Amino acid sequence: MQQSMNDFMARHAGALQLGFVVAVVGLALLLSISLRPEASGPGAATRSNAPAVTVVTPAATPFTPVIELTGVVQARTVTRIIPQVSGRIVQVASKFRPGASVSKGDLLFIIDPSDYRLAVERTLAEIAVARSDLARLEAEAAAEREIWQGQFPDRPIPDLIARVPQIAAARARIQSGEAAQKSAELALSRTTVRAPFDARILETQLDVGQVVSGSAAVGSMFSIDSLEIAVPVSAEQRKLIGTVSGQDVSIIGSVSREGVIDGKLARASAALDERTRLGTLYVTADQPELLTAGEFATVRIAGENMPDSYRVPAAALTSRDRLWVVEDGQLAGRTVEVLGREADMAVVRVFDDASGIVAIPPANARDGLAVSIRGADGLASSGNDAQRVN
């Protein structure tokens, strides 16, 4: 009998082991089911796994963006100082030095006028000779007419006898001499070089004793009134500013001074920079004498008023212009136009916010993700004051 039992166990050992494993698995499954929370209705299992989010419902309010840009002060044009006559420098004004400011009509330098004075005296002498010749010829012509009329009263006097060609030539020499006199006097006046406008001197190395020619520059200057600020601007910022039509702007602290000076938005460039793809705005200052060419300056420009905008938590943006709303119990992505910032809030153009904007999106946010709303907060504007946009 014992031998038969041993034979039976040997033949059915595998089946017994399999049955034991199945029994253990079944027991574990029963325990798991018994410990699971009971569902409270249809779809309760799905909702229990949905992440809870907080939504905000912003109010539409006006917004005026203030765009703050940094540009470089530059002169529209730089004038090269080239003498119109040649000669040796006999005087250089103390103001004619790099960095100095000069007013219109201020003396810059003087070229030796001696040769040009002699040229004027020479033309005066030539005119005097020509006038003397004219007087002699006219006297001779009068005498010849008197003789001719006595001898040939019925015949006209020939031009040669009446000295007509000679008198015309003498008069032409007088006119030529007077033109030469004006030219010589003009050249003489050009030996004294004065500032043609209110300006600042950029560079010069001119000094007494140097010989200058009428084709070489001896320095450069720019008009103070030509100073303006060239400000790079992106397409987004340009859109916020709107049409350039002489808007008032503020030019704030720069290298050379403190405080704020007023200015105007003068014009916009006709083309984008080929490398940066940015446009350029040109700003003029009401007090250009306070600017220094080459310095950086910050310009604050009030943009176009936005009649309707939302203020949303900055944390709601998962990228520069992307946030999430709850729509029919699911997440739905929205691409928004960001107009500016206010502390920890982002100002965006009004859009369809469905059941509310997710204040802090879950890490696994995606379109169609089922969510439950933990709570809803109203979010109104802090006012319609202009806000800065960098």
# chains A, B, ... in the order shown; residues from 1 in each chain; ligands from 1
>>> residues_around(residues="A:Asp273", least_positions_apart="4", cutoff="12 Å", atoms="only C-alpha atoms", output="PyMOL selection string")
chain A and resi 231-235+269+277-281
>>> residues_around(residues="A:Ala195", least_positions_apart="3", cutoff="6 Å", atoms="only C-alpha atoms", output="JSON, numbers by chain")
{"A": [104, 105, 106]}
>>> closest_residue(among="A:Arg122, A:Arg200, A:Arg190, A:Arg163", to="A:Glu178", atoms="only C-alpha atoms")
A:Arg122
>>> residues_around(residues="stretch 336-352 of chain A", least_positions_apart="4", cutoff="6 Å", atoms="only C-alpha atoms", output="PDB file with all heavy atoms, in the first residue's frame")
ATOM      1  N   SER A 309      -7.886  92.710 -22.875  1.00  0.00           N
ATOM      2  CA  SER A 309      -6.745  91.821 -22.635  1.00  0.00           C
ATOM      3  C   SER A 309      -7.007  91.025 -21.366  1.00  0.00           C
ATOM      4  O   SER A 309      -7.824  91.403 -20.533  1.00  0.00           O
ATOM      5  CB  SER A 309      -5.448  92.624 -22.510  1.00  0.00           C
ATOM      6  OG  SER A 309      -5.515  93.499 -21.396  1.00  0.00           O
ATOM      7  N   TYR A 310      -6.315  89.914 -21.235  1.00  0.00           N
ATOM      8  CA  TYR A 310      -6.381  89.087 -20.036  1.00  0.00           C
ATOM      9  C   TYR A 310      -5.075  89.186 -19.285  1.00  0.00           C
ATOM     10  O   TYR A 310      -4.001  89.269 -19.888  1.00  0.00           O
ATOM     11  CB  TYR A 310      -6.603  87.614 -20.406  1.00  0.00           C
ATOM     12  CG  TYR A 310      -8.018  87.239 -20.792  1.00  0.00           C
ATOM     13  CD1 TYR A 310      -8.269  86.057 -21.494  1.00  0.00           C
ATOM     14  CD2 TYR A 310      -9.104  88.035 -20.443  1.00  0.00           C
ATOM     15  CE1 TYR A 310      -9.561  85.695 -21.861  1.00  0.00           C
ATOM     16  CE2 TYR A 310     -10.391  87.683 -20.801  1.00  0.00           C
ATOM     17  CZ  TYR A 310     -10.618  86.509 -21.512  1.00  0.00           C
ATOM     18  OH  TYR A 310     -11.886  86.159 -21.855  1.00  0.00           O
ATOM     19  N   ARG A 311      -5.170  89.138 -17.963  1.00  0.00           N
ATOM     20  CA  ARG A 311      -3.996  88.999 -17.119  1.00  0.00           C
ATOM     21  C   ARG A 311      -4.053  87.609 -16.500  1.00  0.00           C
ATOM     22  O   ARG A 311      -4.999  87.296 -15.777  1.00  0.00           O
ATOM     23  CB  ARG A 311      -3.971  90.097 -16.061  1.00  0.00           C
ATOM     24  CG  ARG A 311      -3.584  91.458 -16.643  1.00  0.00           C
ATOM     25  CD  ARG A 311      -3.974  92.608 -15.747  1.00  0.00           C
ATOM     26  NE  ARG A 311      -3.478  93.876 -16.274  1.00  0.00           N
ATOM     27  CZ  ARG A 311      -4.073  94.564 -17.238  1.00  0.00           C
ATOM     28  NH1 ARG A 311      -5.173  94.114 -17.801  1.00  0.00           N
ATOM     29  NH2 ARG A 311      -3.554  95.711 -17.669  1.00  0.00           N
ATOM     30  N   VAL A 312      -3.049  86.784 -16.791  1.00  0.00           N
ATOM     31  CA  VAL A 312      -3.039  85.395 -16.339  1.00  0.00           C
ATOM     32  C   VAL A 312      -1.740  85.140 -15.576  1.00  0.00           C
ATOM     33  O   VAL A 312      -0.737  85.834 -15.785  1.00  0.00           O
ATOM     34  CB  VAL A 312      -3.147  84.419 -17.537  1.00  0.00           C
ATOM     35  CG1 VAL A 312      -4.421  84.677 -18.327  1.00  0.00           C
ATOM     36  CG2 VAL A 312      -1.927  84.520 -18.456  1.00  0.00           C
ATOM     37  N   PRO A 313      -1.712  84.149 -14.681  1.00  0.00           N
ATOM     38  CA  PRO A 313      -0.475  83.847 -13.971  1.00  0.00           C
ATOM     39  C   PRO A 313       0.626  83.464 -14.958  1.00  0.00           C
ATOM     40  O   PRO A 313       0.387  82.716 -15.911  1.00  0.00           O
ATOM     41  CB  PRO A 313      -0.852  82.660 -13.076  1.00  0.00           C
ATOM     42  CG  PRO A 313      -2.340  82.731 -12.949  1.00  0.00           C
ATOM     43  CD  PRO A 313      -2.836  83.290 -14.232  1.00  0.00           C
ATOM     44  N   ALA A 314       1.816  83.995 -14.729  1.00  0.00           N
ATOM     45  CA  ALA A 314       2.931  83.663 -15.611  1.00  0.00           C
ATOM     46  C   ALA A 314       3.201  82.166 -15.613  1.00  0.00           C
ATOM     47  O   ALA A 314       3.643  81.601 -16.612  1.00  0.00           O
ATOM     48  CB  ALA A 314       4.179  84.440 -15.195  1.00  0.00           C
ATOM     49  N   ASP A 321       4.352  81.291 -25.524  1.00  0.00           N
ATOM     50  CA  ASP A 321       2.992  81.718 -25.863  1.00  0.00           C
ATOM     51  C   ASP A 321       1.990  80.566 -25.836  1.00  0.00           C
ATOM     52  O   ASP A 321       1.012  80.565 -26.576  1.00  0.00           O
ATOM     53  CB  ASP A 321       2.978  82.370 -27.255  1.00  0.00           C
ATOM     54  CG  ASP A 321       3.505  81.457 -28.345  1.00  0.00           C
ATOM     55  OD1 ASP A 321       3.931  80.324 -28.014  1.00  0.00           O
ATOM     56  OD2 ASP A 321       3.497  81.858 -29.523  1.00  0.00           O
ATOM     57  N   VAL A 389       6.943  96.601 -21.644  1.00  0.00           N
ATOM     58  CA  VAL A 389       7.254  95.399 -22.430  1.00  0.00           C
ATOM     59  C   VAL A 389       8.685  95.511 -22.887  1.00  0.00           C
ATOM     60  O   VAL A 389       9.065  96.478 -23.532  1.00  0.00           O
ATOM     61  CB  VAL A 389       6.322  95.291 -23.659  1.00  0.00           C
ATOM     62  CG1 VAL A 389       6.679  94.049 -24.454  1.00  0.00           C
ATOM     63  CG2 VAL A 389       4.877  95.224 -23.222  1.00  0.00           C
TER      64      VAL A 389
END
>>> residues_around(residues="stretch 116-119 of chain A", least_positions_apart="2", cutoff="6 Å", atoms="only C-alpha atoms", output="MDAnalysis selection string")
chainID A and resid 113:114 121:122 184 188
>>> write_last_selection(atoms="C-alpha atoms", output="compact mmCIF listing (two decimals), in the first residue's frame")
# COMPACT_ATOMS: atom_id res chain seq x y z
CA PRO A 113 45.51 135.19 -47.11
CA SER A 114 48.52 137.05 -48.57
CA GLU A 121 44.67 143.79 -56.13
CA ARG A 122 45.74 142.37 -59.48
CA ALA A 184 39.56 136.53 -56.09
CA LEU A 188 40.16 135.42 -50.13
>>> select_by_dssp(residues="stretch 127-253 of chain A", states="strand (DSSP E or B)", output="list in words")
Thr192, Val193, Arg194, Ala199, Arg200, Ile201, Leu202, Glu203, Thr204, Val211, Val212, Gly219, Ser220, Met221, Phe222, Ser223, Leu227, Glu228, Ile229, Ala230, Val231, Pro232, Val233, Asp248, Val249, Ser250, Ile251 and Ile252 of chain A
>>> write_last_selection(atoms="N, CA and C atoms", output="tab-separated table (two decimals), in the first residue's frame")
chain	number	residue	atom	x	y	z
A	192	THR	N	39.39	132.14	-44.50
A	192	THR	CA	38.88	132.08	-43.13
A	192	THR	C	37.75	131.07	-43.10
A	193	VAL	N	37.94	129.98	-42.36
A	193	VAL	CA	36.97	128.88	-42.34
A	193	VAL	C	36.18	128.96	-41.03
A	194	ARG	N	34.84	129.00	-41.16
A	194	ARG	CA	33.96	129.09	-40.00
A	194	ARG	C	32.99	127.91	-39.98
A	199	ALA	N	27.67	122.57	-34.12
A	199	ALA	CA	28.25	121.25	-34.35
A	199	ALA	C	29.18	120.84	-33.23
A	200	ARG	N	29.54	119.57	-33.27
A	200	ARG	CA	30.61	119.06	-32.41
A	200	ARG	C	31.70	118.49	-33.32
A	201	ILE	N	32.93	118.74	-32.91
A	201	ILE	CA	34.07	118.29	-33.70
A	201	ILE	C	34.35	116.82	-33.38
A	202	LEU	N	34.40	116.01	-34.41
A	202	LEU	CA	34.72	114.59	-34.22
A	202	LEU	C	36.21	114.36	-34.16
A	203	GLU	N	36.94	114.86	-35.18
A	203	GLU	CA	38.38	114.66	-35.17
A	203	GLU	C	39.06	115.70	-36.06
A	204	THR	N	40.28	116.07	-35.68
A	204	THR	CA	41.13	116.95	-36.48
A	204	THR	C	42.53	116.94	-35.87
A	211	VAL	N	50.46	122.95	-44.29
A	211	VAL	CA	49.99	123.40	-45.60
A	211	VAL	C	48.85	122.49	-46.02
A	212	VAL	N	47.73	123.10	-46.36
A	212	VAL	CA	46.55	122.32	-46.74
A	212	VAL	C	46.24	122.57	-48.21
A	219	GLY	N	39.54	117.42	-41.03
A	219	GLY	CA	38.78	117.05	-39.84
A	219	GLY	C	37.36	116.69	-40.22
A	220	SER	N	36.56	116.42	-39.21
A	220	SER	CA	35.15	116.10	-39.45
A	220	SER	C	34.31	116.60	-38.27
A	221	MET	N	33.03	116.85	-38.53
A	221	MET	CA	32.10	117.33	-37.51
A	221	MET	C	30.71	116.83	-37.85
A	222	PHE	N	29.81	116.94	-36.87
A	222	PHE	CA	28.42	116.62	-37.14
A	222	PHE	C	27.54	117.68	-36.51
A	223	SER	N	26.39	117.89	-37.13
A	223	SER	CA	25.43	118.85	-36.61
A	223	SER	C	24.78	118.29	-35.36
A	227	LEU	N	21.63	114.65	-34.38
A	227	LEU	CA	21.75	113.49	-33.50
A	227	LEU	C	20.38	112.81	-33.34
A	228	GLU	N	20.37	111.50	-33.42
A	228	GLU	CA	19.17	110.71	-33.23
A	228	GLU	C	19.56	109.34	-32.69
A	229	ILE	N	18.60	108.61	-32.20
A	229	ILE	CA	18.85	107.30	-31.62
A	229	ILE	C	18.29	106.24	-32.56
A	230	ALA	N	19.16	105.35	-33.01
A	230	ALA	CA	18.73	104.23	-33.85
A	230	ALA	C	18.44	103.04	-32.94
A	231	VAL	N	17.18	102.59	-32.95
A	231	VAL	CA	16.72	101.57	-32.00
A	231	VAL	C	16.29	100.32	-32.75
A	232	PRO	N	16.98	99.18	-32.56
A	232	PRO	CA	16.51	97.93	-33.17
A	232	PRO	C	15.18	97.49	-32.55
A	233	VAL	N	14.29	96.96	-33.37
A	233	VAL	CA	12.97	96.56	-32.89
A	233	VAL	C	12.54	95.29	-33.60
A	248	ASP	N	5.22	110.70	-28.80
A	248	ASP	CA	6.14	111.16	-27.75
A	248	ASP	C	6.80	109.96	-27.09
A	249	VAL	N	8.09	110.08	-26.79
A	249	VAL	CA	8.83	109.01	-26.12
A	249	VAL	C	9.65	109.62	-25.00
A	250	SER	N	10.17	108.76	-24.14
A	250	SER	CA	11.07	109.19	-23.07
A	250	SER	C	12.42	108.54	-23.28
A	251	ILE	N	13.46	109.34	-23.18
A	251	ILE	CA	14.84	108.85	-23.31
A	251	ILE	C	15.42	108.89	-21.91
A	252	ILE	N	15.72	107.72	-21.37
A	252	ILE	CA	16.14	107.66	-19.96
A	252	ILE	C	17.62	107.41	-19.86
>>> atom_distance(atom1="atom CA of A:Gln84", atom2="atom CA of A:Ser215")
7.5 Å
>>> residues_around(residues="stretch 135-149 of chain A", least_positions_apart="4", cutoff="7 Å", atoms="only C-alpha atoms", output="PyMOL selection string")
chain A and resi 131+153+157+161-163+166-167
>>> atom_distance(atom1="atom CA of A:Val72", atom2="atom CA of A:Asn305")
27.2 Å
>>> residues_around(residues="A:Ile301", least_positions_apart="4", cutoff="9 Å", atoms="only C-alpha atoms", output="list in words")
Pro65, Val66, Ile67, Glu68, Leu69, Ile241, Gln247, Asp248, Val249, Ser250 and Leu265 of chain A
>>> residues_around(residues="A:Ile127", least_positions_apart="6", cutoff="8 Å", atoms="only C-alpha atoms", output="CSV table (one decimal) with N, CA and C atoms, in the first residue's frame")
chain,number,residue,atom,x,y,z
A,173,ARG,N,36.6,143.5,-71.4
A,173,ARG,CA,37.7,143.3,-70.5
A,173,ARG,C,37.3,143.8,-69.1
A,174,ILE,N,36.5,144.8,-69.0
A,174,ILE,CA,36.0,145.3,-67.7
A,174,ILE,C,35.2,144.3,-67.0
A,177,GLY,N,37.3,141.5,-65.9
A,177,GLY,CA,38.1,141.9,-64.7
A,177,GLY,C,37.2,141.9,-63.4
A,178,GLU,N,35.9,142.4,-63.6
A,178,GLU,CA,35.1,142.4,-62.4
A,178,GLU,C,34.7,141.0,-62.0
>>> select_by_dssp(residues="stretch 19-251 of chain A", states="helix (DSSP H, G or I)", output="ChimeraX atom specification")
/A:19-35,44-49,114-151,164-189,224-226,235-241
>>> write_last_selection(atoms="C-alpha atoms", output="mmCIF file, in the first residue's frame")
data_model
loop_
_atom_site.group_PDB
_atom_site.id
_atom_site.type_symbol
_atom_site.label_atom_id
_atom_site.label_comp_id
_atom_site.auth_asym_id
_atom_site.auth_seq_id
_atom_site.Cartn_x
_atom_site.Cartn_y
_atom_site.Cartn_z
ATOM 1 C CA GLY A 19 -2.492 23.276 -8.730
ATOM 2 C CA PHE A 20 -0.715 24.835 -5.768
ATOM 3 C CA VAL A 21 0.491 27.781 -7.837
ATOM 4 C CA VAL A 22 -2.991 28.399 -9.252
ATOM 5 C CA ALA A 23 -4.463 28.370 -5.762
ATOM 6 C CA VAL A 24 -1.945 30.961 -4.501
ATOM 7 C CA VAL A 25 -2.574 33.295 -7.460
ATOM 8 C CA GLY A 26 -6.330 33.025 -6.994
ATOM 9 C CA LEU A 27 -6.059 33.869 -3.322
ATOM 10 C CA ALA A 28 -3.956 36.943 -4.087
ATOM 11 C CA LEU A 29 -6.477 38.131 -6.669
ATOM 12 C CA LEU A 30 -9.333 37.769 -4.193
ATOM 13 C CA LEU A 31 -7.448 39.768 -1.580
ATOM 14 C CA SER A 32 -6.732 42.564 -4.115
ATOM 15 C CA ILE A 33 -10.376 42.848 -5.090
ATOM 16 C CA SER A 34 -11.506 42.893 -1.499
ATOM 17 C CA LEU A 35 -9.112 45.766 -0.618
ATOM 18 C CA ALA A 44 -15.756 56.655 -11.272
ATOM 19 C CA ALA A 45 -12.567 54.673 -11.934
ATOM 20 C CA THR A 46 -11.603 57.074 -14.787
ATOM 21 C CA ARG A 47 -12.251 60.202 -12.714
ATOM 22 C CA SER A 48 -10.313 58.900 -9.737
ATOM 23 C CA ASN A 49 -7.181 58.745 -11.926
ATOM 24 C CA SER A 114 48.516 137.054 -48.574
ATOM 25 C CA ASP A 115 48.446 135.488 -52.054
ATOM 26 C CA TYR A 116 44.679 135.919 -52.271
ATOM 27 C CA ARG A 117 44.852 139.604 -51.339
ATOM 28 C CA LEU A 118 47.418 140.091 -54.108
ATOM 29 C CA ALA A 119 45.088 138.358 -56.543
ATOM 30 C CA VAL A 120 42.320 140.810 -55.630
ATOM 31 C CA GLU A 121 44.665 143.790 -56.126
ATOM 32 C CA ARG A 122 45.736 142.374 -59.479
ATOM 33 C CA THR A 123 42.167 142.175 -60.720
ATOM 34 C CA LEU A 124 41.495 145.735 -59.551
ATOM 35 C CA ALA A 125 44.480 146.935 -61.571
ATOM 36 C CA GLU A 126 43.308 145.057 -64.653
ATOM 37 C CA ILE A 127 39.854 146.616 -64.311
ATOM 38 C CA ALA A 128 41.380 150.083 -64.008
ATOM 39 C CA VAL A 129 43.395 149.552 -67.204
ATOM 40 C CA ALA A 130 40.345 148.304 -69.057
ATOM 41 C CA ARG A 131 38.288 151.288 -67.932
ATOM 42 C CA SER A 132 41.059 153.659 -69.002
ATOM 43 C CA ASP A 133 41.176 152.046 -72.438
ATOM 44 C CA LEU A 134 37.405 152.341 -72.696
ATOM 45 C CA ALA A 135 37.518 156.046 -71.846
ATOM 46 C CA ARG A 136 40.213 156.652 -74.469
ATOM 47 C CA LEU A 137 38.361 154.719 -77.157
ATOM 48 C CA GLU A 138 35.086 156.518 -76.432
ATOM 49 C CA ALA A 139 36.875 159.871 -76.718
ATOM 50 C CA GLU A 140 38.470 158.861 -80.004
ATOM 51 C CA ALA A 141 35.122 157.614 -81.306
ATOM 52 C CA ALA A 142 33.457 160.952 -80.484
ATOM 53 C CA ALA A 143 36.173 162.868 -82.365
ATOM 54 C CA GLU A 144 35.928 160.609 -85.417
ATOM 55 C CA ARG A 145 32.138 161.036 -85.554
ATOM 56 C CA GLU A 146 32.488 164.804 -85.509
ATOM 57 C CA ILE A 147 35.023 164.760 -88.358
ATOM 58 C CA TRP A 148 32.979 162.256 -90.367
ATOM 59 C CA GLN A 149 29.764 164.237 -90.051
ATOM 60 C CA GLY A 150 31.611 167.363 -91.255
ATOM 61 C CA GLN A 151 32.925 165.610 -94.352
ATOM 62 C CA VAL A 164 32.711 150.189 -82.120
ATOM 63 C CA PRO A 165 34.638 146.838 -81.964
ATOM 64 C CA GLN A 166 37.391 148.355 -79.835
ATOM 65 C CA ILE A 167 34.895 149.829 -77.371
ATOM 66 C CA ALA A 168 33.049 146.477 -77.112
ATOM 67 C CA ALA A 169 36.326 144.694 -76.417
ATOM 68 C CA ALA A 170 37.248 147.210 -73.695
ATOM 69 C CA ARG A 171 33.870 146.765 -72.036
ATOM 70 C CA ALA A 172 34.274 142.974 -72.173
ATOM 71 C CA ARG A 173 37.678 143.308 -70.487
ATOM 72 C CA ILE A 174 36.048 145.330 -67.721
ATOM 73 C CA GLN A 175 33.363 142.660 -67.205
ATOM 74 C CA SER A 176 36.005 139.936 -67.185
ATOM 75 C CA GLY A 177 38.079 141.898 -64.695
ATOM 76 C CA GLU A 178 35.050 142.382 -62.423
ATOM 77 C CA ALA A 179 34.312 138.639 -62.562
ATOM 78 C CA ALA A 180 37.945 137.909 -61.744
ATOM 79 C CA GLN A 181 37.710 140.372 -58.857
ATOM 80 C CA LYS A 182 34.669 138.562 -57.426
ATOM 81 C CA SER A 183 36.439 135.214 -57.796
ATOM 82 C CA ALA A 184 39.556 136.531 -56.086
ATOM 83 C CA GLU A 185 37.518 138.082 -53.270
ATOM 84 C CA LEU A 186 35.627 134.787 -52.843
ATOM 85 C CA ALA A 187 38.882 132.848 -52.626
ATOM 86 C CA LEU A 188 40.162 135.422 -50.130
ATOM 87 C CA SER A 189 37.042 134.986 -47.978
ATOM 88 C CA ILE A 224 24.039 118.656 -33.061
ATOM 89 C CA ASP A 225 20.526 118.815 -34.503
ATOM 90 C CA SER A 226 21.256 115.695 -36.572
ATOM 91 C CA ALA A 235 8.354 92.365 -35.406
ATOM 92 C CA GLU A 236 6.384 91.691 -32.202
ATOM 93 C CA GLN A 237 7.447 94.984 -30.622
ATOM 94 C CA ARG A 238 6.771 96.837 -33.865
ATOM 95 C CA LYS A 239 3.244 95.443 -33.867
ATOM 96 C CA LEU A 240 2.636 96.712 -30.316
ATOM 97 C CA ILE A 241 3.882 100.206 -31.217
#
>>> closest_residue(among="A:Ala268, A:Val260, A:Leu323, A:Ala100", to="A:Ser245", atoms="only C-alpha atoms")
A:Ala268
>>> closest_residue(among="A:Trp324, A:Tyr282, A:Phe296, A:Phe197", to="A:Thr79", atoms="only C-alpha atoms")
A:Phe197
